[in-house]
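Everything on this sheet refers to the single structure shown next.
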Amino acid sequence: MRIKFADLASQNAEIRERVDRELVGIHLNAAYVGGPQVQAFEQEFAAFLGVRHAVSVGSGTDALRLALLAAGVGPGAEVITTPMTFIATAAAIRQAGARPTLVDIDPDTCNLSPRALRRHLEERHRRSPHGPRVIVPVHLYGLPVAMREIQEIAVEFGLRIVEDACQAHGASFHDGRRWRCAGTLGAAGCFSFYPGKNLGGWGDGGAVVTDNDELAERVNLLRDHGRISHYAHQDYGYNSRLDAIQAAVLRAKLERLPGWNRRRREIAESYCELLGAADLELPAEPEGLSSAYHLFAIRSPQRDAIRQALLSKNIECGIHYPVPLHLQPACRDLGYQRGDFPVSERVADTELSLPMHPHLTDAEVRQVAEVVIEALEQRPTIFAGEHGRSPAISTLPPEHGE
Ligand SMILES: Cc1ncc(COP(=O)(O)O)c(C=O)c1O
């Protein structure tokens with residue numbers, strides 16, 4: 001029997017009745033783009049996160065692009081992010097007319113390193129006071145970035161924060177006073193509803209969330225052709241609107257999300273217990289951060305051997321990401337080289353994402369862990385420096401590409 005990396009069919013079985021009912025209403029009203037379903041979803045998602053506004057858009061990439069534009073990013077601007085993320089983070093910065101500047105990640109969390117960020121900004125500031133004004137921390141694998149530290153630095157250096165929360169629906173961090181959701185601390189938080197996300201539709205979708213009325217209004221304008229009334233357009237905007245069918249699916253899944261995320265955390269705990277004694281790096285969850293476990297990312301110099309063992313037993317797995325941004329052909333123009341971001345490069349060479357979804361059974365989790373342990377026993381650890389390069393990206397199943 002195949003053990004799936006993600007299991008959308010089981011999610012659909014849980015929401016089918018409700019979505020079937022909503023679809024009848026959508027077809028009767030013939031309101032396919034925007035409309036009452038979309039408005040209701042926006043309100044429910046904002047309430048779930050505890051923010052004033054959730055403005056739905058066409059994808060996570062668009063959420064980032066429109067949030068950056070609304071935050072004042074434009075041609076010539078510099079925006080800081082990390083090399084260890086999906087290409088869309090950098091693409092959205094480019095689409096806003098700006099240039100991505102990369103800062104390496106923390107080796108424990110794989111998220112933007114506050115120490116490296118401070119070093120980078122101090123160095124930049126010495127050279128010129130006209131440095132970057134916006135930073136895009138990415139809550140990678142569902143683990144929130146160390147937001148308290150990042151916010152302190154942002155205040156000190158006058159940076160606005162636009163969070164890439166595309167992998168972190170329902171993840172949370174402690175801000176010193178209370179727990180709050182990832183995506184709610186910066187000027188804006190950006191979410192993707194790509195089907196495989198913790199909260200995913202039946203197609204593309206995304207949202208910008210914010211407490212800032214002006215920013216929400218600007219995204220609202222930009223997503224709909226700059227429209228201020230039916231025939232009046234204040235700006236050249238974009239066409240990036242959520243459709244009613246996606247909203248109906250997302251509303252039904254949002255109801256289930258807290259339970260599904262709890263199950264992901266249980267599975268993560270089981271993996272950690274079962275693999276605790278193995279010679280592996282397991283995902284860290286530092287105090288004050290609570291992961292949504294979009295992915296369960298282990299690290300080992302034996303990554304390729306473990307991956308082969310899993311695939312040979314019909315267990316799906318993924319690599320996130322085998323090529324860091326600075327080594328992607330698309331980012332050649334940024335002028336970085338191999339060796340510029342050693343922590344990201346090491347993660348790219350050693351990371352493996354195990355099956356993680358709320359419908360995994362305990363027996364499946366045990367089976368995955370057994371195969372990982374067996375693979376490690378057959379191939380004792382060698383030092384990372386002796387490890388060969390990653391296999392080509394094209395060997396990955398396409399559905400795991402993001
Ligand atoms: C970290 C990150 N940023 C941005 C995106 C882009 O989202 P979308 O695919 O909805 O455009 C993704 C989606 O995979 C992502 O994982």
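Within each chain, counting starts at residue 1; across the structure tokens, chains are named A, B, ... in the order shown, with ligands numbered 1 upward in that order.
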
DSSP says strand (DSSP E) for which residues of segment 144-378 of chain A? Put them as a count of residues only?
36

Show me, as JSON, numbers by chain, the residues that have an atom within 10 Å of segment 30-40 of chain A when counting only C-alpha atoms, minus same-chain residues fewer than 3 positions from it.
{"A": [22, 24, 25, 26, 27, 43, 44, 45, 46, 54, 55, 56, 57, 241, 242, 243, 244, 245, 246, 247, 248, 249, 250, 251]}

Write out the residues from the selection above, keeping N, CA and C atoms, as an mmCIF file, in the first residue's frame.
data_model
loop_
_atom_site.group_PDB
_atom_site.id
_atom_site.type_symbol
_atom_site.label_atom_id
_atom_site.label_comp_id
_atom_site.auth_asym_id
_atom_site.auth_seq_id
_atom_site.Cartn_x
_atom_site.Cartn_y
_atom_site.Cartn_z
ATOM 1 N N GLU A 22 -23.296 23.930 -0.718
ATOM 2 C CA GLU A 22 -22.908 25.308 -1.089
ATOM 3 C C GLU A 22 -22.872 25.470 -2.604
ATOM 4 N N VAL A 24 -24.719 24.094 -4.837
ATOM 5 C CA VAL A 24 -26.079 24.301 -5.358
ATOM 6 C C VAL A 24 -26.423 25.788 -5.265
ATOM 7 N N GLY A 25 -26.125 26.401 -4.116
ATOM 8 C CA GLY A 25 -26.408 27.834 -3.920
ATOM 9 C C GLY A 25 -25.613 28.689 -4.892
ATOM 10 N N ILE A 26 -24.358 28.345 -5.104
ATOM 11 C CA ILE A 26 -23.504 29.138 -6.012
ATOM 12 C C ILE A 26 -24.090 29.108 -7.423
ATOM 13 N N HIS A 27 -24.488 27.918 -7.872
ATOM 14 C CA HIS A 27 -25.035 27.813 -9.224
ATOM 15 C C HIS A 27 -26.375 28.543 -9.340
ATOM 16 N N GLN A 43 -14.320 36.987 6.067
ATOM 17 C CA GLN A 43 -14.634 37.305 7.470
ATOM 18 C C GLN A 43 -14.225 36.161 8.390
ATOM 19 N N GLU A 44 -14.499 34.933 7.958
ATOM 20 C CA GLU A 44 -14.195 33.781 8.819
ATOM 21 C C GLU A 44 -12.679 33.578 8.956
ATOM 22 N N PHE A 45 -11.947 33.805 7.862
ATOM 23 C CA PHE A 45 -10.489 33.629 7.932
ATOM 24 C C PHE A 45 -9.866 34.720 8.817
ATOM 25 N N ALA A 46 -10.379 35.954 8.688
ATOM 26 C CA ALA A 46 -9.879 37.047 9.532
ATOM 27 C C ALA A 46 -10.156 36.729 11.005
ATOM 28 N N ALA A 54 -9.047 40.213 6.018
ATOM 29 C CA ALA A 54 -8.450 39.201 5.142
ATOM 30 C C ALA A 54 -8.977 39.525 3.747
ATOM 31 N N VAL A 55 -8.065 39.862 2.848
ATOM 32 C CA VAL A 55 -8.467 40.213 1.472
ATOM 33 C C VAL A 55 -8.034 39.064 0.581
ATOM 34 N N SER A 56 -9.010 38.352 0.030
ATOM 35 C CA SER A 56 -8.655 37.173 -0.769
ATOM 36 C C SER A 56 -8.167 37.596 -2.147
ATOM 37 N N VAL A 57 -7.240 36.813 -2.692
ATOM 38 C CA VAL A 57 -6.667 37.092 -4.014
ATOM 39 C C VAL A 57 -6.507 35.764 -4.763
ATOM 40 N N ARG A 241 -8.679 37.719 -8.170
ATOM 41 C CA ARG A 241 -9.805 37.577 -7.246
ATOM 42 C C ARG A 241 -10.072 36.106 -6.975
ATOM 43 N N LEU A 242 -10.567 35.847 -5.787
ATOM 44 C CA LEU A 242 -10.916 34.459 -5.443
ATOM 45 C C LEU A 242 -12.297 34.158 -6.024
ATOM 46 N N ASP A 243 -12.505 32.917 -6.441
ATOM 47 C CA ASP A 243 -13.845 32.611 -6.933
ATOM 48 C C ASP A 243 -14.667 31.886 -5.872
ATOM 49 N N ALA A 244 -15.976 31.897 -6.097
ATOM 50 C CA ALA A 244 -16.912 31.441 -5.069
ATOM 51 C C ALA A 244 -16.735 29.953 -4.748
ATOM 52 N N ILE A 245 -16.384 29.155 -5.762
ATOM 53 C CA ILE A 245 -16.230 27.711 -5.516
ATOM 54 C C ILE A 245 -15.049 27.480 -4.564
ATOM 55 N N GLN A 246 -13.942 28.200 -4.817
ATOM 56 C CA GLN A 246 -12.796 28.069 -3.894
ATOM 57 C C GLN A 246 -13.201 28.506 -2.483
ATOM 58 N N ALA A 247 -13.945 29.610 -2.401
ATOM 59 C CA ALA A 247 -14.337 30.124 -1.081
ATOM 60 C C ALA A 247 -15.190 29.099 -0.336
ATOM 61 N N ALA A 248 -16.092 28.430 -1.058
ATOM 62 C CA ALA A 248 -16.959 27.436 -0.409
ATOM 63 C C ALA A 248 -16.121 26.281 0.135
ATOM 64 N N VAL A 249 -15.139 25.850 -0.645
ATOM 65 C CA VAL A 249 -14.272 24.749 -0.194
ATOM 66 C C VAL A 249 -13.441 25.214 1.002
ATOM 67 N N LEU A 250 -12.901 26.423 0.905
ATOM 68 C CA LEU A 250 -12.040 26.934 1.984
ATOM 69 C C LEU A 250 -12.832 27.131 3.276
ATOM 70 N N ARG A 251 -14.107 27.553 3.168
ATOM 71 C CA ARG A 251 -14.919 27.725 4.382
ATOM 72 C C ARG A 251 -15.121 26.373 5.067
#

Counting only C-alpha atoms and all ligand atoms, what residues are within 9 Å of ligand 1, given as a PyMOL selection string?
chain A and resi 58-64+84-92+138-141+164-168+190-197+204-206+401-402

Taking the DSSP secondary structure from the backbone, can you list the residues of segment 241-294 of chain A that are alpha helix (DSSP H), as an mmCIF file with C-alpha atoms, in the first residue's frame?
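Printed below is result07.cif as written:
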data_model
loop_
_atom_site.group_PDB
_atom_site.id
_atom_site.type_symbol
_atom_site.label_atom_id
_atom_site.label_comp_id
_atom_site.auth_asym_id
_atom_site.auth_seq_id
_atom_site.Cartn_x
_atom_site.Cartn_y
_atom_site.Cartn_z
ATOM 1 C CA ALA A 244 -16.912 31.441 -5.069
ATOM 2 C CA ILE A 245 -16.230 27.711 -5.516
ATOM 3 C CA GLN A 246 -12.796 28.069 -3.894
ATOM 4 C CA ALA A 247 -14.337 30.124 -1.081
ATOM 5 C CA ALA A 248 -16.959 27.436 -0.409
ATOM 6 C CA VAL A 249 -14.272 24.749 -0.194
ATOM 7 C CA LEU A 250 -12.040 26.934 1.984
ATOM 8 C CA ARG A 251 -14.919 27.725 4.382
ATOM 9 C CA ALA A 252 -15.636 24.031 4.840
ATOM 10 C CA LYS A 253 -11.948 23.229 5.352
ATOM 11 C CA LEU A 254 -11.403 26.188 7.701
ATOM 12 C CA GLU A 255 -13.934 24.609 10.079
ATOM 13 C CA ARG A 256 -11.744 21.493 10.179
ATOM 14 C CA LEU A 257 -8.375 23.241 10.249
ATOM 15 C CA PRO A 258 -7.856 23.393 14.051
ATOM 16 C CA GLY A 259 -8.541 19.640 14.333
ATOM 17 C CA TRP A 260 -6.401 18.829 11.303
ATOM 18 C CA ASN A 261 -3.520 20.934 12.669
ATOM 19 C CA ARG A 262 -3.821 19.187 16.059
ATOM 20 C CA ARG A 263 -3.504 15.838 14.281
ATOM 21 C CA ARG A 264 -0.439 17.105 12.369
ATOM 22 C CA ARG A 265 1.152 18.040 15.706
ATOM 23 C CA GLU A 266 0.356 14.577 17.137
ATOM 24 C CA ILE A 267 1.996 12.972 14.109
ATOM 25 C CA ALA A 268 5.038 15.226 14.479
ATOM 26 C CA GLU A 269 5.306 14.188 18.119
ATOM 27 C CA SER A 270 5.140 10.500 17.150
ATOM 28 C CA TYR A 271 7.810 10.954 14.468
ATOM 29 C CA CYS A 272 10.030 12.714 17.034
ATOM 30 C CA GLU A 273 9.576 9.864 19.554
ATOM 31 C CA LEU A 274 10.141 7.128 16.996
ATOM 32 C CA LEU A 275 13.135 8.816 15.364
#

With a distance cut-off of 9 Å and only C-alpha atoms, select the neighbouring residues of Pro355 of chain A, excluding the residue or stretch itself and same-chain residues fewer than 3 positions from it, and output the selection as a PyMOL selection string.
chain A and resi 3-6+295-296+315-318+360+365+368

Would you mind listing what lies within 8 Å of Arg160 of chain A as a ChimeraX atom specification, with only C-alpha atoms counted and same-chain residues fewer than 6 positions away left out?
/A:71,133-135,154,186-187

May I have the residues from that selection written out with N, CA and C atoms, as a short mmCIF file (atom, residue, chain, number, x, y, z; two decimals), in the first residue's frame?
data_model
loop_
_atom_site.label_atom_id
_atom_site.label_comp_id
_atom_site.auth_asym_id
_atom_site.auth_seq_id
_atom_site.Cartn_x
_atom_site.Cartn_y
_atom_site.Cartn_z
N ALA A 71 2.39 47.99 0.40
CA ALA A 71 3.29 48.47 1.47
C ALA A 71 4.28 49.49 0.92
N ARG A 133 13.89 48.62 2.94
CA ARG A 133 12.83 49.15 3.82
C ARG A 133 11.78 48.08 4.14
N VAL A 134 11.87 46.95 3.46
CA VAL A 134 10.87 45.89 3.69
C VAL A 134 11.57 44.55 3.81
N ILE A 135 11.05 43.72 4.68
CA ILE A 135 11.62 42.39 4.88
C ILE A 135 10.49 41.36 4.75
N ALA A 154 13.42 45.06 13.06
CA ALA A 154 12.66 45.87 12.09
C ALA A 154 12.41 47.28 12.64
N GLY A 186 3.25 41.41 11.16
CA GLY A 186 3.81 42.39 10.22
C GLY A 186 2.73 43.34 9.70
N ALA A 187 3.16 44.24 8.82
CA ALA A 187 2.21 45.14 8.17
C ALA A 187 1.16 44.31 7.43
#

Between A:Ala207, A:Leu28, A:Arg127, A:Glu374, single out the one closest to Phe41 of chain A, counting only C-alpha atoms.
A:Ala207

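Between Thr350 of chain A and the residues A:Asp235, A:Glu285, A:Pro107, A:Leu117, the shortest atom-to-atom distance, using only C-alpha atoms, involves A:Pro107.
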
Between A:Arg65, A:Arg119, A:His225, A:Arg124, which is the closest to Val162 of chain A once you count only C-alpha atoms?
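Checking each of A:Arg65, A:Arg119, A:His225, A:Arg124 against Val162 of chain A, counting only C-alpha atoms, the winner is A:Arg65.
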
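Counting only C-alpha atoms and comparing A:Val323, A:Leu310, A:Ile298, A:Met356, the residue that lies closest to Glu370 of chain A is A:Leu310.
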
Counting only C-alpha atoms, the option among A:Leu185, A:Val79, A:Ala278, A:Leu311 closest to Gly50 of chain A:
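Looking at the shortest contact to Gly50 of chain A, the residue is A:Leu185.
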
Set the distance at 9 Å and use only C-alpha atoms: which residues neighbour segment 220-222 of chain A once local chain neighbours fewer than 6 positions away are removed? I'd like the list as a PyMOL selection string.
chain A and resi 55-57+66+69-70+228+233-240

Atom CA of Val51 of chain A and atom CA of Pro358 of chain A are how many Å apart?
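Pair atom CA of Val51 of chain A / atom CA of Pro358 of chain A returns 25.9 Å.
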
Top pick for closest residue to Glu351 of chain A, considering A:Leu334, A:Val219, A:Ala297, A:Leu376 and counting only C-alpha atoms:
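Closest to Glu351 of chain A, using only C-alpha atoms: A:Ala297.
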
Rounded to one decimal, what separation in Å do you get between atom CA of Arg338 of chain A and atom CA of Ala375 of chain A?
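So the answer is 29.5 Å.
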